[in-house]
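**Q** mmCIF, C-alpha atoms, file protein_2.cif:
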```
data_target
#
loop_
_atom_site.label_atom_id
_atom_site.label_comp_id
_atom_site.auth_asym_id
_atom_site.auth_seq_id
_atom_site.Cartn_x
_atom_site.Cartn_y
_atom_site.Cartn_z
CA TRP A 1 1.59 39.27 -12.31
CA GLY A 2 -0.28 37.70 -15.19
CA THR A 3 -3.76 38.57 -16.34
CA GLU A 4 -7.22 38.51 -14.84
CA GLY A 5 -9.01 35.21 -14.82
CA LEU A 6 -12.28 33.95 -13.35
CA ASP A 7 -14.01 36.38 -10.97
CA GLY A 8 -11.33 38.95 -11.60
CA ALA A 9 -8.59 36.85 -9.98
CA ALA A 10 -5.05 37.41 -11.20
CA VAL A 11 -3.50 34.28 -12.68
CA ALA A 12 0.01 33.45 -13.80
CA ALA A 13 1.94 30.43 -15.02
CA LEU A 14 4.85 30.15 -12.61
CA GLY A 15 7.67 27.67 -12.25
CA PRO A 16 9.18 26.53 -8.95
CA GLY A 17 10.55 29.37 -6.83
CA SER A 18 9.65 32.23 -4.50
CA TYR A 19 7.46 35.09 -5.67
CA GLN A 20 5.93 38.27 -4.32
CA LEU A 21 2.39 39.38 -5.10
CA THR A 22 1.25 42.93 -4.43
CA VAL A 23 -2.43 43.88 -4.69
CA THR A 24 -3.48 47.55 -4.74
CA ASP A 25 -7.09 48.69 -4.36
CA VAL A 26 -8.72 51.76 -5.93
CA GLN A 27 -7.75 53.87 -2.90
CA GLY A 28 -4.09 53.03 -3.33
CA THR A 29 -3.87 50.67 -0.38
CA ALA A 30 -1.43 47.90 -1.15
CA LYS A 31 -0.93 44.49 0.42
CA THR A 32 1.97 42.18 -0.38
CA ALA A 33 2.18 38.41 0.08
CA GLU A 34 5.03 35.97 -0.38
CA VAL A 35 4.29 32.97 -2.56
CA SER A 36 6.45 29.87 -2.72
CA ILE A 37 5.93 27.24 -5.38
CA SER A 38 7.76 23.92 -5.07
CA ALA A 39 8.29 21.19 -7.62
CA PRO A 40 7.31 17.61 -6.82
CA GLU A 41 10.06 15.20 -5.83
CA PRO A 42 11.50 13.24 -8.76
CA LEU A 43 9.48 10.17 -9.69
CA GLN A 44 11.12 6.99 -8.39
CA ALA A 45 9.93 3.46 -9.07
CA ASP A 46 10.96 0.67 -6.73
CA PHE A 47 9.59 -2.52 -5.22
CA ALA A 48 7.91 -3.04 -1.87
CA ARG A 49 8.12 -6.79 -2.28
CA ILE A 50 9.55 -9.37 -4.66
CA GLU A 51 8.59 -12.99 -4.01
CA PRO A 52 10.47 -15.88 -5.67
CA ALA A 53 8.74 -18.73 -7.46
CA PHE A 54 8.70 -22.21 -5.95
CA SER A 55 10.16 -23.95 -8.98
CA GLU A 56 11.07 -23.51 -12.64
CA SER A 57 7.68 -24.88 -13.66
CA SER A 58 5.55 -22.77 -11.30
CA ASN A 59 4.11 -19.35 -12.09
CA ASP A 60 3.80 -18.08 -8.53
CA GLY A 61 6.35 -15.29 -8.29
CA ARG A 62 5.02 -11.88 -7.32
CA ALA A 63 6.17 -8.26 -7.24
CA ILE A 64 4.59 -5.16 -5.70
CA ALA A 65 5.55 -1.66 -6.80
CA ALA A 66 6.59 1.09 -4.38
CA VAL A 67 6.53 4.52 -6.02
CA SER A 68 7.49 7.90 -4.60
CA GLY A 69 7.72 11.44 -5.94
CA GLY A 70 6.16 12.71 -9.13
CA THR A 71 2.50 13.63 -9.31
CA THR A 72 -0.29 11.17 -8.65
CA PRO A 73 -2.09 9.26 -10.03
CA TYR A 74 0.50 6.81 -11.29
CA THR A 75 0.09 4.33 -14.10
CA TYR A 76 1.97 1.02 -14.15
CA GLN A 77 3.27 -1.03 -17.05
CA TRP A 78 4.97 -4.35 -16.26
CA SER A 79 6.85 -6.24 -18.94
CA ASN A 80 4.40 -9.15 -18.60
CA GLY A 81 1.48 -6.86 -19.51
CA THR A 82 0.15 -6.16 -16.02
CA THR A 83 -1.09 -2.58 -15.48
CA ALA A 84 -1.78 -2.65 -11.72
CA ALA A 85 0.54 -1.87 -8.82
CA GLU A 86 1.04 -5.61 -8.25
CA ALA A 87 2.14 -8.24 -10.74
CA GLY A 88 1.46 -11.86 -9.92
CA GLU A 89 1.72 -15.31 -11.52
CA LEU A 90 5.30 -14.64 -12.56
CA PRO A 91 7.57 -17.53 -13.56
CA ILE A 92 11.32 -17.42 -12.98
CA GLY A 93 12.93 -14.82 -15.21
CA GLN A 94 13.80 -11.18 -15.82
CA TYR A 95 11.14 -8.44 -15.77
CA SER A 96 10.81 -4.67 -15.80
CA LEU A 97 8.38 -2.07 -14.50
CA THR A 98 7.73 1.40 -15.94
CA VAL A 99 5.78 3.94 -13.89
CA THR A 100 4.31 7.12 -15.39
CA ASP A 101 2.93 9.98 -13.30
CA ALA A 102 0.17 12.49 -14.10
CA ASN A 103 2.67 14.84 -15.76
CA GLY A 104 4.01 12.19 -18.09
CA CYS A 105 7.27 11.66 -16.20
CA THR A 106 8.50 8.06 -16.21
CA ASP A 107 10.88 5.85 -14.29
CA SER A 108 11.77 2.21 -14.95
CA LYS A 109 13.26 -0.59 -12.88
CA SER A 110 14.29 -4.14 -13.71
CA PHE A 111 14.06 -7.13 -11.38
CA GLU A 112 14.40 -10.89 -11.37
CA ILE A 113 12.11 -13.60 -10.10
CA LYS A 114 14.35 -16.33 -8.71
CA GLU A 115 13.66 -19.84 -7.49
CA ARG A 116 12.78 -20.09 -3.82
CA ALA A 117 15.70 -21.28 -1.69
CA ILE A 118 13.74 -22.46 1.38
CA LYS A 119 10.73 -24.29 0.01
CA GLU A 120 9.70 -25.66 3.42
CA LEU A 121 8.68 -22.19 4.63
CA THR A 122 4.96 -22.42 3.90
CA GLN A 123 1.70 -22.41 5.82
CA ALA A 124 2.22 -26.17 6.29
CA VAL A 125 5.04 -25.77 8.84
CA SER A 126 4.49 -27.34 12.25
CA SER A 127 5.64 -26.56 15.76
CA GLY A 128 9.02 -28.15 16.50
CA GLN A 129 9.93 -28.47 12.81
CA THR A 130 13.55 -27.74 11.92
CA ILE A 131 14.39 -26.36 8.49
CA GLN A 132 17.97 -26.41 7.23
CA MET A 133 19.46 -23.55 5.24
CA GLN A 134 22.31 -25.29 3.45
CA LYS A 135 22.48 -22.50 0.85
CA LEU A 136 23.25 -19.98 3.59
CA GLN A 137 27.04 -20.10 3.84
CA PHE A 138 29.52 -18.04 5.86
CA GLN A 139 33.15 -17.60 4.97
CA ALA A 140 35.62 -19.46 7.20
CA ASP A 141 35.75 -18.04 10.74
CA SER A 142 33.44 -15.19 9.72
CA THR A 143 30.07 -14.01 11.00
CA ASN A 144 29.52 -11.49 8.19
CA ILE A 145 26.43 -12.06 6.06
CA GLN A 146 27.43 -12.10 2.40
CA GLU A 147 25.37 -10.34 -0.28
CA SER A 148 24.64 -13.69 -1.89
CA ALA A 149 22.93 -14.82 1.33
CA LYS A 150 20.54 -11.88 1.65
CA PRO A 151 17.89 -13.21 -0.77
CA ILE A 152 17.70 -16.35 1.40
CA LEU A 153 17.25 -14.30 4.56
CA ASP A 154 14.68 -12.14 2.80
CA GLU A 155 12.58 -15.26 2.24
CA ILE A 156 12.60 -15.82 6.02
CA TYR A 157 11.72 -12.16 6.56
CA LEU A 158 8.69 -12.35 4.25
CA PHE A 159 7.53 -15.58 5.89
CA LEU A 160 7.73 -14.11 9.39
CA LYS A 161 6.12 -10.85 8.28
CA ASP A 162 3.18 -12.76 6.79
CA ASN A 163 2.91 -15.02 9.86
CA PRO A 164 3.36 -12.79 12.94
CA SER A 165 2.11 -15.54 15.29
CA ILE A 166 4.98 -17.86 14.34
CA VAL A 167 8.10 -17.68 16.53
CA VAL A 168 11.36 -19.17 15.33
CA GLU A 169 14.79 -19.97 16.70
CA ILE A 170 17.85 -19.45 14.51
CA GLY A 171 20.34 -22.18 15.39
CA GLY A 172 24.02 -22.08 14.54
CA HIS A 173 26.13 -25.25 14.17
CA THR A 174 29.79 -26.06 13.40
CA ASN A 175 31.90 -29.08 12.56
CA ASN A 176 34.16 -30.69 15.14
CA LEU A 177 37.56 -29.31 14.08
CA PRO A 178 37.90 -26.16 16.24
CA PRO A 179 37.94 -26.26 20.06
CA ASP A 180 34.60 -26.49 21.88
CA GLU A 181 34.63 -22.92 23.20
CA TYR A 182 35.43 -21.46 19.80
CA CYS A 183 32.65 -23.53 18.17
CA ASP A 184 30.13 -22.28 20.72
CA GLN A 185 31.16 -18.66 20.17
CA LEU A 186 31.20 -18.87 16.37
CA SER A 187 27.87 -20.70 16.06
CA THR A 188 26.20 -18.26 18.45
CA ALA A 189 27.59 -15.23 16.62
CA ARG A 190 26.39 -16.53 13.26
CA ALA A 191 22.91 -17.28 14.57
CA ARG A 192 22.81 -13.82 16.16
CA ALA A 193 23.86 -12.19 12.85
CA VAL A 194 20.93 -13.84 11.08
CA ALA A 195 18.47 -12.89 13.83
CA GLU A 196 19.70 -9.28 13.88
CA TYR A 197 19.34 -9.03 10.10
CA LEU A 198 15.67 -10.02 10.39
CA VAL A 199 15.02 -7.65 13.30
CA GLU A 200 16.67 -4.76 11.50
CA LYS A 201 14.34 -5.35 8.54
CA GLY A 202 11.34 -5.05 10.85
CA ILE A 203 10.61 -8.44 12.44
CA PRO A 204 9.83 -8.01 16.18
CA SER A 205 12.61 -9.34 18.39
CA LYS A 206 10.05 -11.43 20.30
CA GLN A 207 9.39 -13.37 17.09
CA VAL A 208 12.96 -14.50 16.41
CA PHE A 209 15.46 -15.97 18.88
CA TYR A 210 18.93 -17.40 18.31
CA LYS A 211 21.16 -20.05 19.85
CA GLY A 212 24.59 -21.51 19.13
CA TYR A 213 24.90 -25.29 19.36
CA GLY A 214 28.57 -25.52 18.50
CA LYS A 215 29.58 -29.05 17.47
CA ARG A 216 26.98 -30.86 19.63
CA GLU A 217 24.44 -31.79 16.94
CA PRO A 218 26.20 -33.05 13.78
CA LEU A 219 24.00 -34.31 10.95
CA PHE A 220 26.80 -36.10 9.12
CA THR A 221 30.11 -37.68 9.95
CA ASN A 222 32.94 -35.24 10.61
CA ARG A 223 35.46 -37.71 9.13
CA THR A 224 34.94 -36.35 5.61
CA GLU A 225 35.20 -32.86 4.13
CA PHE A 226 31.64 -33.20 2.78
CA GLY A 227 30.28 -34.10 6.22
CA ARG A 228 32.13 -31.27 7.95
CA LYS A 229 30.80 -28.78 5.40
CA ARG A 230 27.22 -29.96 5.90
CA ASN A 231 27.57 -29.80 9.68
CA GLN A 232 28.68 -26.16 9.43
CA ARG A 233 25.15 -24.81 9.03
CA VAL A 234 22.36 -22.51 10.18
CA GLU A 235 18.86 -23.84 10.84
CA ILE A 236 15.40 -22.45 11.54
CA LYS A 237 13.30 -24.14 14.20
CA ILE A 238 9.58 -23.40 14.58
CA ILE A 239 9.13 -22.99 18.33
CA GLN A 240 5.66 -21.47 18.46
CA MET A 241 2.69 -21.33 16.09
#
```
Output the file's structure as structure tokens, nothing else.
**A**
Amino acid sequence: WGTEGLDGAAVAALGPGSYQLTVTDVQGTAKTAEVSISAPEPLQADFARIEPAFSESSNDGRAIAAVSGGTTPYTYQWSNGTTAAEAGELPIGQYSLTVTDANGCTDSKSFEIKERAIKELTQAVSSGQTIQMQKLQFQADSTNIQESAKPILDEIYLFLKDNPSIVVEIGGHTNNLPPDEYCDQLSTARARAVAEYLVEKGIPSKQVFYKGYGKREPLFTNRTEFGRKRNQRVEIKIIQM
């Protein structure tokens, strides 16, 4: 193949595929070798982490790129002007990331910095503290986690990942309308669904426990629709620091 290059070596410009090289010396002795050339995997830009901002007036959102495929080194261009793998000090809003590899291939992704749903989950938490998740709602008689609830649970995941010494209990609660046994079963199943979501994302099972309290611990009167809705809830309790 090709022509002679440095030190008499044969060189060729080859695309991906399988090739055969035969070399023959002056005495006519030939040796053949199989050569396989593969193309890099397609460049794919994604995010290892997206952190919400605490409020509309704060610039504390953060995003970290996760890139695969292509040919390193990568270059990063965020829509806010950042050129590193991590973009910080992001206010609430829409953003985009474009990654370019060494061959000039590009891939782009858009993302959104939202407002934090559970603002109590900070380094200032204390042992025994209970944090309500009123924005985490289940459909009636269901234990399925809705897509709209996953960003809330992802906030808990990031908090526990960053604080591996903190152990929490996920507590499920209901209003007083269904029978006691049903309330115990439903509240336990919902708390378990939340705990399993966190474990499946990578939180050690020894760091997150769950318990169903049924209708035993109402926060509001069950005489009104508003009170019953607020009593139907999931909470986080800090049980070990």
**Q** Taking only C-alpha atoms into account, which of A:Gly70, A:Pro178, A:Gly202, A:Gly172 comes nearest Tyr157 of chain A?
**A**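 Under the stated criterion, the closest residue is A:Gly202.
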**Q** Counting all atoms listed in the file, which residue out of A:Gly17, A:Lys161, A:Arg49, A:Asn222 sits closest to Ser36 of chain A?
**A**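 Using all atoms listed in the file, the shortest distance to Ser36 of chain A belongs to A:Gly17.
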**Q** State, in Å with one decimal place, the distance from atom CA of Gly88 of chain A to atom CA of Lys150 of chain A.
**A**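 Between atom CA of Gly88 of chain A and atom CA of Lys150 of chain A the gap works out to 22.3 Å.
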**Q** Atom CA of Thr122 of chain A and atom CA of Glu169 of chain A, how far apart in Å?
**A**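 Straight-line distance from atom CA of Glu169 of chain A to atom CA of Thr122 of chain A works out to 16.3 Å.
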**Q** Taking the file above as input, evaluate the PyMOL selection byres ((chain A and resi 115) around 10) and report the hits as a ChimeraX atom specification.
**A** /A:51-58,61,91-93,112-114,116-119
